[in-house]
Amino acid sequence: MTALVDVNNFYVSCERVFNPGLRGVPVVVLSNNDGCVVARSEEAKALGIAMGQPFFEIQDKIKKNGLQVYSSNYALYGDMSARVMNLLHRFAPEVEIYSIDEAFLDFTGMEHTDLYARALEIRETILRCVGVPVCVGVAPTKVLAKIANRLAKKDKSGNGVQLLSGDFRKALQATEIGDVWGIGRQYAVFLQQHGVKTAHDFTQASDAWVRANLSVTGLRIKKELQGVPSVKAETEIPARKSIGTTRSFRQPVPAGPELRAAVADFAARCAEKLRRQNGQASTLTVFLQTNRFAKEEPQYGGAFSVSFAAPTSSTLPIIRAAHYALEKIFRSGYRYKRAGVLLSGITPPDQGAQLCMFDPVDRDKHQQLMTVFDSLNVRYGRNTIKTGAQNTGRQTRLTSQSKLSPGYTTVWEEILCV
């Protein structure tokens with residue numbers, strides 16, 4: 001059996017943990033630069049606020065309906081997610097972290113355990129220890145666990161737990177084909193055109209037809225819906241082949257100094273991510289773009305790549321390379337709306353990368369420095385230690401986070417005072 005644990009309205013729930021006054025009132029969380037809605041409470045959904053809706057379109061609901069609005073506090077959400085995932089390891093031998101607010105638990109070998117009671121215990125433990133509500137779906141396969149979790153969320157009279165076992169045809173008949181995990185929008189339209197309206201209809205199609213039209217992936221989904229485990233668990237997060245950090249600026253940027261500081265921030269963030277997965281990069285790319293929607297303004301976009309003398313994960317040479325690339329593509333007279341840094345050619349340190357006799361970087365010293373660098377930022381909060389090339393302070397004037405909540409668990413100076 002497999003369980004899917006999913007935090008309800010995760011970003012909103014994180015904000016409510018430290019501000020109980022938000023419970024029962026409509027709340028939304030905005031994207032970078034406070035552009036559009038990326039999370040909604042149930043009360044906000046009831047007001048008709050859609051996912052991805054631009055912020056300016058819901059301004060009237062702030063005063064009229066008491067809508068509470070927050071900027072995305074990703075540092076807080078990431079820390080709260082880690083707390084939830086750490087707790088889940090108490091309840092199953094294998095935990096697959098699927099996203100920031102979802103995880104699969106493998107209950108293999110626990111057939112004699114009361115899994116419904118265990119799911120209730122998971123829900124109660126997370127609510128007590130972290131403060132966020134979750135729903136738990138338990139079923140024979142991962143796809144069925146997704147359906148069970150969805151049913152648990154819909155059942156307002158329930159307790160946030162749904163167990164599918166034995167005959168689960170009713171659950172499949174109540175699930176539209178477009179709501180099945182792994183069935184994309186185009187496939188859903190195709191299946192509906194061929195009379196496949198529900199998950200149960202899909203299980204009645206022949207294996208040959210499913211494989212011919214939806215490939216082997218579609219066949220696996222069908223088997224999962226029939227209660228046959230076919231999607232392997234991934235308990236280890238695969239290393240990324242490239243790492244990027246990009247941002248759209250609040251206001252177009254014509255000047256160089258602010259742009260240099262922003263690019264340095266992006267490069268430092270990429271280096272931090274790179275070291276976290278124990279990798280080293282051989283190539284760095286910087287790109288710039290003007291606002292393509294401002295038709296009356298001159299348009300320009302450029303990108304430049306730099307190859308390191310030897311693969312590195314040190315913040316210092318990565319920022320230096322980013323500034324070099326920026327100088328190559330920067331053109332005065334334009335107002336830049338978006339910029340980004342991408343690291344590629346990522347390999348693990350033990351792979352035996354080709355070194356360079358003329359490499360100016362003392363690799364041993366840089367490795368020691370970065371170890372101290374990261375340990376201090378982990379202990380005291382990100383941005384405790386920064387390079388002189390980066391922006392100072394918690395926010396940059398280039399981005400808009402005017403409704404940002406405090407870093408309750410990530411910034412010493414912002415710990416909640418009672």
# chains A, B, ... in the order shown; residues from 1 in each chain; ligands from 1
>>> select_by_dssp(residues="segment 131-204 of chain A", states="strand (DSSP E or B)", output="count of residues only")
11
>>> residues_around(residues="His366 of chain A", least_positions_apart="6", cutoff="10 Å", atoms="only C-alpha atoms", output="PyMOL selection string")
chain A and resi 312-317+372
>>> select_by_dssp(residues="segment 134-327 of chain A", states="alpha helix (DSSP H)", output="JSON, numbers by chain")
{"A": [142, 143, 144, 145, 146, 147, 148, 149, 150, 151, 152, 153, 154, 169, 170, 171, 172, 173, 185, 186, 187, 188, 189, 190, 191, 192, 193, 199, 200, 201, 202, 203, 204, 207, 208, 209, 210, 211, 212, 213, 214, 215, 216, 217, 218, 219, 220, 221, 222, 223, 224, 225, 256, 257, 258, 259, 260, 261, 262, 263, 264, 265, 266, 267, 268, 269, 270, 271, 272, 273, 274, 275, 276, 315, 316, 317, 318, 319, 320, 321, 322, 323, 324, 325, 326, 327]}
>>> write_last_selection(atoms="C-alpha atoms", output="PDB file, in the first residue's frame")
ATOM      1  CA  LYS A 142       0.607   5.804  -6.380  1.00  0.00           C
ATOM      2  CA  VAL A 143      -2.007   6.837  -8.978  1.00  0.00           C
ATOM      3  CA  LEU A 144      -4.809   5.475  -6.784  1.00  0.00           C
ATOM      4  CA  ALA A 145      -3.277   7.221  -3.762  1.00  0.00           C
ATOM      5  CA  LYS A 146      -3.539  10.492  -5.705  1.00  0.00           C
ATOM      6  CA  ILE A 147      -7.225   9.812  -6.308  1.00  0.00           C
ATOM      7  CA  ALA A 148      -7.741   8.887  -2.648  1.00  0.00           C
ATOM      8  CA  ASN A 149      -6.081  12.121  -1.544  1.00  0.00           C
ATOM      9  CA  ARG A 150      -8.296  14.113  -3.912  1.00  0.00           C
ATOM     10  CA  LEU A 151     -11.381  12.453  -2.466  1.00  0.00           C
ATOM     11  CA  ALA A 152     -10.152  13.198   1.064  1.00  0.00           C
ATOM     12  CA  LYS A 153      -9.925  16.899   0.198  1.00  0.00           C
ATOM     13  CA  LYS A 154     -13.394  16.951  -1.349  1.00  0.00           C
ATOM     14  CA  ARG A 169     -14.680   1.131  -8.793  1.00  0.00           C
ATOM     15  CA  LYS A 170     -16.936   3.850  -7.338  1.00  0.00           C
ATOM     16  CA  ALA A 171     -13.899   6.063  -6.747  1.00  0.00           C
ATOM     17  CA  LEU A 172     -12.747   5.544 -10.345  1.00  0.00           C
ATOM     18  CA  GLN A 173     -16.232   6.256 -11.704  1.00  0.00           C
ATOM     19  CA  ARG A 185      -4.669  18.178 -20.895  1.00  0.00           C
ATOM     20  CA  GLN A 186      -4.112  17.057 -24.500  1.00  0.00           C
ATOM     21  CA  TYR A 187      -4.453  13.387 -23.621  1.00  0.00           C
ATOM     22  CA  ALA A 188      -7.604  14.153 -21.616  1.00  0.00           C
ATOM     23  CA  VAL A 189      -9.212  15.825 -24.653  1.00  0.00           C
ATOM     24  CA  PHE A 190      -8.156  12.915 -26.882  1.00  0.00           C
ATOM     25  CA  LEU A 191      -9.569  10.313 -24.476  1.00  0.00           C
ATOM     26  CA  GLN A 192     -12.848  12.190 -24.042  1.00  0.00           C
ATOM     27  CA  GLN A 193     -13.240  12.299 -27.827  1.00  0.00           C
ATOM     28  CA  ALA A 199     -10.826   6.783 -14.723  1.00  0.00           C
ATOM     29  CA  HIS A 200     -13.025   3.674 -14.740  1.00  0.00           C
ATOM     30  CA  ASP A 201     -13.600   4.040 -18.509  1.00  0.00           C
ATOM     31  CA  PHE A 202      -9.836   4.149 -18.969  1.00  0.00           C
ATOM     32  CA  THR A 203      -9.366   0.829 -17.155  1.00  0.00           C
ATOM     33  CA  GLN A 204     -11.805  -0.786 -19.613  1.00  0.00           C
ATOM     34  CA  ASP A 207      -3.796  -2.616 -23.351  1.00  0.00           C
ATOM     35  CA  ALA A 208      -2.935  -2.537 -27.064  1.00  0.00           C
ATOM     36  CA  TRP A 209      -5.080   0.554 -27.700  1.00  0.00           C
ATOM     37  CA  VAL A 210      -3.710   2.404 -24.661  1.00  0.00           C
ATOM     38  CA  ARG A 211      -0.098   1.650 -25.584  1.00  0.00           C
ATOM     39  CA  ALA A 212      -0.629   2.618 -29.224  1.00  0.00           C
ATOM     40  CA  ASN A 213      -2.174   5.994 -28.344  1.00  0.00           C
ATOM     41  CA  LEU A 214      -0.623   6.915 -24.970  1.00  0.00           C
ATOM     42  CA  SER A 215       2.686   5.003 -25.146  1.00  0.00           C
ATOM     43  CA  VAL A 216       4.055   2.842 -22.347  1.00  0.00           C
ATOM     44  CA  THR A 217       3.453   5.643 -19.824  1.00  0.00           C
ATOM     45  CA  GLY A 218      -0.293   5.501 -20.443  1.00  0.00           C
ATOM     46  CA  LEU A 219      -0.224   1.724 -20.023  1.00  0.00           C
ATOM     47  CA  ARG A 220       1.479   2.109 -16.658  1.00  0.00           C
ATOM     48  CA  ILE A 221      -1.200   4.554 -15.532  1.00  0.00           C
ATOM     49  CA  LYS A 222      -3.894   2.069 -16.545  1.00  0.00           C
ATOM     50  CA  LYS A 223      -2.202  -0.723 -14.575  1.00  0.00           C
ATOM     51  CA  GLU A 224      -1.928   1.568 -11.549  1.00  0.00           C
ATOM     52  CA  LEU A 225      -5.654   2.361 -11.775  1.00  0.00           C
ATOM     53  CA  GLY A 256      24.397  48.939 -14.870  1.00  0.00           C
ATOM     54  CA  PRO A 257      25.172  48.902 -11.082  1.00  0.00           C
ATOM     55  CA  GLU A 258      21.777  47.552 -10.021  1.00  0.00           C
ATOM     56  CA  LEU A 259      21.908  44.997 -12.800  1.00  0.00           C
ATOM     57  CA  ARG A 260      25.392  43.855 -11.774  1.00  0.00           C
ATOM     58  CA  ALA A 261      24.261  43.366  -8.163  1.00  0.00           C
ATOM     59  CA  ALA A 262      21.167  41.442  -9.273  1.00  0.00           C
ATOM     60  CA  VAL A 263      23.190  39.144 -11.538  1.00  0.00           C
ATOM     61  CA  ALA A 264      25.640  38.563  -8.676  1.00  0.00           C
ATOM     62  CA  ASP A 265      22.693  37.538  -6.482  1.00  0.00           C
ATOM     63  CA  PHE A 266      21.467  35.112  -9.136  1.00  0.00           C
ATOM     64  CA  ALA A 267      24.949  33.626  -9.571  1.00  0.00           C
ATOM     65  CA  ALA A 268      25.389  33.201  -5.804  1.00  0.00           C
ATOM     66  CA  ARG A 269      22.016  31.473  -5.557  1.00  0.00           C
ATOM     67  CA  CYS A 270      22.968  29.088  -8.372  1.00  0.00           C
ATOM     68  CA  ALA A 271      26.279  28.289  -6.662  1.00  0.00           C
ATOM     69  CA  GLU A 272      24.447  27.552  -3.412  1.00  0.00           C
ATOM     70  CA  LYS A 273      22.072  25.152  -5.192  1.00  0.00           C
ATOM     71  CA  LEU A 274      25.037  23.540  -6.956  1.00  0.00           C
ATOM     72  CA  ARG A 275      26.894  22.802  -3.715  1.00  0.00           C
ATOM     73  CA  ARG A 276      23.711  21.482  -2.141  1.00  0.00           C
ATOM     74  CA  THR A 315      30.598  31.407  -5.439  1.00  0.00           C
ATOM     75  CA  LEU A 316      33.549  33.738  -6.114  1.00  0.00           C
ATOM     76  CA  PRO A 317      34.621  32.567  -9.605  1.00  0.00           C
ATOM     77  CA  ILE A 318      30.983  32.000 -10.540  1.00  0.00           C
ATOM     78  CA  ILE A 319      30.088  35.635  -9.752  1.00  0.00           C
ATOM     79  CA  ARG A 320      33.232  36.810 -11.529  1.00  0.00           C
ATOM     80  CA  ALA A 321      32.247  34.842 -14.649  1.00  0.00           C
ATOM     81  CA  ALA A 322      28.683  36.158 -14.433  1.00  0.00           C
ATOM     82  CA  HIS A 323      29.903  39.753 -14.419  1.00  0.00           C
ATOM     83  CA  TYR A 324      32.184  39.051 -17.370  1.00  0.00           C
ATOM     84  CA  ALA A 325      29.261  37.578 -19.325  1.00  0.00           C
ATOM     85  CA  LEU A 326      27.050  40.529 -18.374  1.00  0.00           C
ATOM     86  CA  GLU A 327      29.602  42.998 -19.735  1.00  0.00           C
TER      87      GLU A 327
END
>>> residues_around(residues="Ser72 of chain A", least_positions_apart="2", cutoff="7 Å", atoms="only C-alpha atoms", output="ChimeraX atom specification")
/A:29-32,70,74,404
>>> write_last_selection(atoms="all heavy atoms", output="PDB file, in the first residue's frame")
ATOM      1  N   VAL A  29      -1.626  34.190  -1.870  1.00  0.00           N
ATOM      2  CA  VAL A  29      -0.186  34.433  -1.926  1.00  0.00           C
ATOM      3  C   VAL A  29       0.165  34.725  -3.372  1.00  0.00           C
ATOM      4  O   VAL A  29      -0.312  34.042  -4.293  1.00  0.00           O
ATOM      5  CB  VAL A  29       0.601  33.220  -1.402  1.00  0.00           C
ATOM      6  CG1 VAL A  29       2.101  33.454  -1.549  1.00  0.00           C
ATOM      7  CG2 VAL A  29       0.255  32.946   0.058  1.00  0.00           C
ATOM      8  N   LEU A  30       1.011  35.747  -3.582  1.00  0.00           N
ATOM      9  CA  LEU A  30       1.344  36.198  -4.926  1.00  0.00           C
ATOM     10  C   LEU A  30       2.683  35.641  -5.397  1.00  0.00           C
ATOM     11  O   LEU A  30       3.514  35.216  -4.599  1.00  0.00           O
ATOM     12  CB  LEU A  30       1.386  37.733  -4.960  1.00  0.00           C
ATOM     13  CG  LEU A  30       0.118  38.441  -4.492  1.00  0.00           C
ATOM     14  CD1 LEU A  30       0.331  39.951  -4.503  1.00  0.00           C
ATOM     15  CD2 LEU A  30      -1.073  38.061  -5.369  1.00  0.00           C
ATOM     16  N   SER A  31       2.884  35.683  -6.690  1.00  0.00           N
ATOM     17  CA  SER A  31       4.117  35.203  -7.307  1.00  0.00           C
ATOM     18  C   SER A  31       5.225  36.235  -7.147  1.00  0.00           C
ATOM     19  O   SER A  31       5.049  37.274  -6.498  1.00  0.00           O
ATOM     20  CB  SER A  31       3.877  34.924  -8.794  1.00  0.00           C
ATOM     21  OG  SER A  31       3.533  36.144  -9.455  1.00  0.00           O
ATOM     22  N   ASN A  32       6.390  35.953  -7.749  1.00  0.00           N
ATOM     23  CA  ASN A  32       7.490  36.925  -7.747  1.00  0.00           C
ATOM     24  C   ASN A  32       7.007  38.262  -8.291  1.00  0.00           C
ATOM     25  O   ASN A  32       6.228  38.306  -9.255  1.00  0.00           O
ATOM     26  CB  ASN A  32       8.649  36.414  -8.613  1.00  0.00           C
ATOM     27  CG  ASN A  32       9.363  35.260  -7.945  1.00  0.00           C
ATOM     28  OD1 ASN A  32       9.477  35.202  -6.726  1.00  0.00           O
ATOM     29  ND2 ASN A  32       9.861  34.329  -8.747  1.00  0.00           N
ATOM     30  N   TYR A  70      -0.422  38.272   0.511  1.00  0.00           N
ATOM     31  CA  TYR A  70       0.971  38.112   0.938  1.00  0.00           C
ATOM     32  C   TYR A  70       1.870  37.831  -0.259  1.00  0.00           C
ATOM     33  O   TYR A  70       1.469  37.166  -1.223  1.00  0.00           O
ATOM     34  CB  TYR A  70       1.097  36.959   1.944  1.00  0.00           C
ATOM     35  CG  TYR A  70       0.569  37.315   3.314  1.00  0.00           C
ATOM     36  CD1 TYR A  70      -0.784  37.182   3.595  1.00  0.00           C
ATOM     37  CD2 TYR A  70       1.406  37.817   4.297  1.00  0.00           C
ATOM     38  CE1 TYR A  70      -1.295  37.534   4.836  1.00  0.00           C
ATOM     39  CE2 TYR A  70       0.909  38.176   5.545  1.00  0.00           C
ATOM     40  CZ  TYR A  70      -0.436  38.029   5.802  1.00  0.00           C
ATOM     41  OH  TYR A  70      -0.927  38.383   7.026  1.00  0.00           O
ATOM     42  N   TYR A  74       9.486  32.268   0.056  1.00  0.00           N
ATOM     43  CA  TYR A  74       9.952  30.916  -0.275  1.00  0.00           C
ATOM     44  C   TYR A  74      10.897  30.336   0.771  1.00  0.00           C
ATOM     45  O   TYR A  74      10.945  29.117   0.962  1.00  0.00           O
ATOM     46  CB  TYR A  74      10.622  30.919  -1.654  1.00  0.00           C
ATOM     47  CG  TYR A  74       9.661  31.225  -2.776  1.00  0.00           C
ATOM     48  CD1 TYR A  74       9.835  32.348  -3.586  1.00  0.00           C
ATOM     49  CD2 TYR A  74       8.557  30.417  -3.013  1.00  0.00           C
ATOM     50  CE1 TYR A  74       8.946  32.640  -4.608  1.00  0.00           C
ATOM     51  CE2 TYR A  74       7.662  30.699  -4.034  1.00  0.00           C
ATOM     52  CZ  TYR A  74       7.864  31.811  -4.827  1.00  0.00           C
ATOM     53  OH  TYR A  74       6.974  32.104  -5.828  1.00  0.00           O
ATOM     54  N   LEU A 404       5.550  40.983   1.996  1.00  0.00           N
ATOM     55  CA  LEU A 404       6.304  39.831   2.471  1.00  0.00           C
ATOM     56  C   LEU A 404       6.176  39.676   3.984  1.00  0.00           C
ATOM     57  O   LEU A 404       6.375  40.626   4.746  1.00  0.00           O
ATOM     58  CB  LEU A 404       7.777  39.990   2.096  1.00  0.00           C
ATOM     59  CG  LEU A 404       8.695  38.789   2.352  1.00  0.00           C
ATOM     60  CD1 LEU A 404       8.330  37.636   1.445  1.00  0.00           C
ATOM     61  CD2 LEU A 404      10.150  39.195   2.151  1.00  0.00           C
TER      62      LEU A 404
END
>>> closest_residue(among="A:Gly244, A:Gly184, A:Pro298, A:Pro93", to="Ser332 of chain A", atoms="only C-alpha atoms")
A:Pro298
>>> atom_distance(atom1="atom CA of Arg83 of chain A", atom2="atom CA of Asp34 of chain A")
26.3 Å
>>> residues_around(residues="Cys36 of chain A", least_positions_apart="4", cutoff="12 Å", atoms="only C-alpha atoms", output="list in words")
Val28, Val29, Leu30, Ser31, Asn32, Arg40, Ile49, Ala50, Met51, Gly52, Gln53, Pro54, Phe55, Phe56, Glu57, Ile58, Gln59, Val69, Tyr70, Ser71 and Ser72 of chain A
>>> decode(residues="segment 26-37 of chain A", atoms="all heavy atoms", output="mmCIF file, in the first residue's frame")
data_model
loop_
_atom_site.group_PDB
_atom_site.id
_atom_site.type_symbol
_atom_site.label_atom_id
_atom_site.label_comp_id
_atom_site.auth_asym_id
_atom_site.auth_seq_id
_atom_site.Cartn_x
_atom_site.Cartn_y
_atom_site.Cartn_z
ATOM 1 N N PRO A 26 -10.411 35.000 3.747
ATOM 2 C CA PRO A 26 -9.792 34.740 2.444
ATOM 3 C C PRO A 26 -8.351 35.240 2.392
ATOM 4 O O PRO A 26 -8.065 36.376 2.773
ATOM 5 C CB PRO A 26 -10.685 35.499 1.467
ATOM 6 C CG PRO A 26 -11.370 36.545 2.289
ATOM 7 C CD PRO A 26 -11.528 35.956 3.650
ATOM 8 N N VAL A 27 -7.452 34.375 1.920
ATOM 9 C CA VAL A 27 -6.021 34.703 1.851
ATOM 10 C C VAL A 27 -5.485 34.239 0.506
ATOM 11 O O VAL A 27 -5.824 33.141 0.031
ATOM 12 C CB VAL A 27 -5.217 34.017 2.972
ATOM 13 C CG1 VAL A 27 -3.746 34.413 2.901
ATOM 14 C CG2 VAL A 27 -5.795 34.348 4.338
ATOM 15 N N VAL A 28 -4.636 35.062 -0.123
ATOM 16 C CA VAL A 28 -3.932 34.649 -1.331
ATOM 17 C C VAL A 28 -2.446 34.964 -1.181
ATOM 18 O O VAL A 28 -2.073 35.874 -0.429
ATOM 19 C CB VAL A 28 -4.471 35.350 -2.609
ATOM 20 C CG1 VAL A 28 -5.914 34.971 -2.870
ATOM 21 C CG2 VAL A 28 -4.304 36.859 -2.517
ATOM 22 N N VAL A 29 -1.626 34.190 -1.870
ATOM 23 C CA VAL A 29 -0.186 34.433 -1.926
ATOM 24 C C VAL A 29 0.165 34.725 -3.372
ATOM 25 O O VAL A 29 -0.312 34.042 -4.293
ATOM 26 C CB VAL A 29 0.601 33.220 -1.402
ATOM 27 C CG1 VAL A 29 2.101 33.454 -1.549
ATOM 28 C CG2 VAL A 29 0.255 32.946 0.058
ATOM 29 N N LEU A 30 1.011 35.747 -3.582
ATOM 30 C CA LEU A 30 1.344 36.198 -4.926
ATOM 31 C C LEU A 30 2.683 35.641 -5.397
ATOM 32 O O LEU A 30 3.514 35.216 -4.599
ATOM 33 C CB LEU A 30 1.386 37.733 -4.960
ATOM 34 C CG LEU A 30 0.118 38.441 -4.492
ATOM 35 C CD1 LEU A 30 0.331 39.951 -4.503
ATOM 36 C CD2 LEU A 30 -1.073 38.061 -5.369
ATOM 37 N N SER A 31 2.884 35.683 -6.690
ATOM 38 C CA SER A 31 4.117 35.203 -7.307
ATOM 39 C C SER A 31 5.225 36.235 -7.147
ATOM 40 O O SER A 31 5.049 37.274 -6.498
ATOM 41 C CB SER A 31 3.877 34.924 -8.794
ATOM 42 O OG SER A 31 3.533 36.144 -9.455
ATOM 43 N N ASN A 32 6.390 35.953 -7.749
ATOM 44 C CA ASN A 32 7.490 36.925 -7.747
ATOM 45 C C ASN A 32 7.007 38.262 -8.291
ATOM 46 O O ASN A 32 6.228 38.306 -9.255
ATOM 47 C CB ASN A 32 8.649 36.414 -8.613
ATOM 48 C CG ASN A 32 9.363 35.260 -7.945
ATOM 49 O OD1 ASN A 32 9.477 35.202 -6.726
ATOM 50 N ND2 ASN A 32 9.861 34.329 -8.747
ATOM 51 N N ASN A 33 7.480 39.333 -7.666
ATOM 52 C CA ASN A 33 7.085 40.689 -8.053
ATOM 53 C C ASN A 33 5.601 40.949 -7.835
ATOM 54 O O ASN A 33 5.038 41.869 -8.438
ATOM 55 C CB ASN A 33 7.451 40.970 -9.517
ATOM 56 C CG ASN A 33 8.938 41.146 -9.704
ATOM 57 O OD1 ASN A 33 9.603 41.789 -8.906
ATOM 58 N ND2 ASN A 33 9.478 40.548 -10.751
ATOM 59 N N ASP A 34 4.970 40.147 -6.982
ATOM 60 C CA ASP A 34 3.549 40.345 -6.672
ATOM 61 C C ASP A 34 2.708 40.423 -7.932
ATOM 62 O O ASP A 34 1.789 41.240 -8.053
ATOM 63 C CB ASP A 34 3.355 41.628 -5.835
ATOM 64 C CG ASP A 34 4.055 41.531 -4.485
ATOM 65 O OD1 ASP A 34 4.375 40.410 -4.068
ATOM 66 O OD2 ASP A 34 4.282 42.588 -3.862
ATOM 67 N N GLY A 35 3.021 39.544 -8.878
ATOM 68 C CA GLY A 35 2.357 39.620 -10.178
ATOM 69 C C GLY A 35 0.994 38.961 -10.228
ATOM 70 O O GLY A 35 0.006 39.561 -10.652
ATOM 71 N N CYS A 36 0.916 37.688 -9.814
ATOM 72 C CA CYS A 36 -0.343 36.968 -9.922
ATOM 73 C C CYS A 36 -0.497 35.994 -8.757
ATOM 74 O O CYS A 36 0.443 35.754 -7.997
ATOM 75 C CB CYS A 36 -0.430 36.227 -11.252
ATOM 76 S SG CYS A 36 0.898 35.025 -11.514
ATOM 77 N N VAL A 37 -1.673 35.421 -8.635
ATOM 78 C CA VAL A 37 -2.004 34.542 -7.514
ATOM 79 C C VAL A 37 -1.415 33.146 -7.750
ATOM 80 O O VAL A 37 -1.641 32.538 -8.794
ATOM 81 C CB VAL A 37 -3.535 34.438 -7.349
ATOM 82 C CG1 VAL A 37 -3.898 33.438 -6.258
ATOM 83 C CG2 VAL A 37 -4.130 35.799 -7.047
#
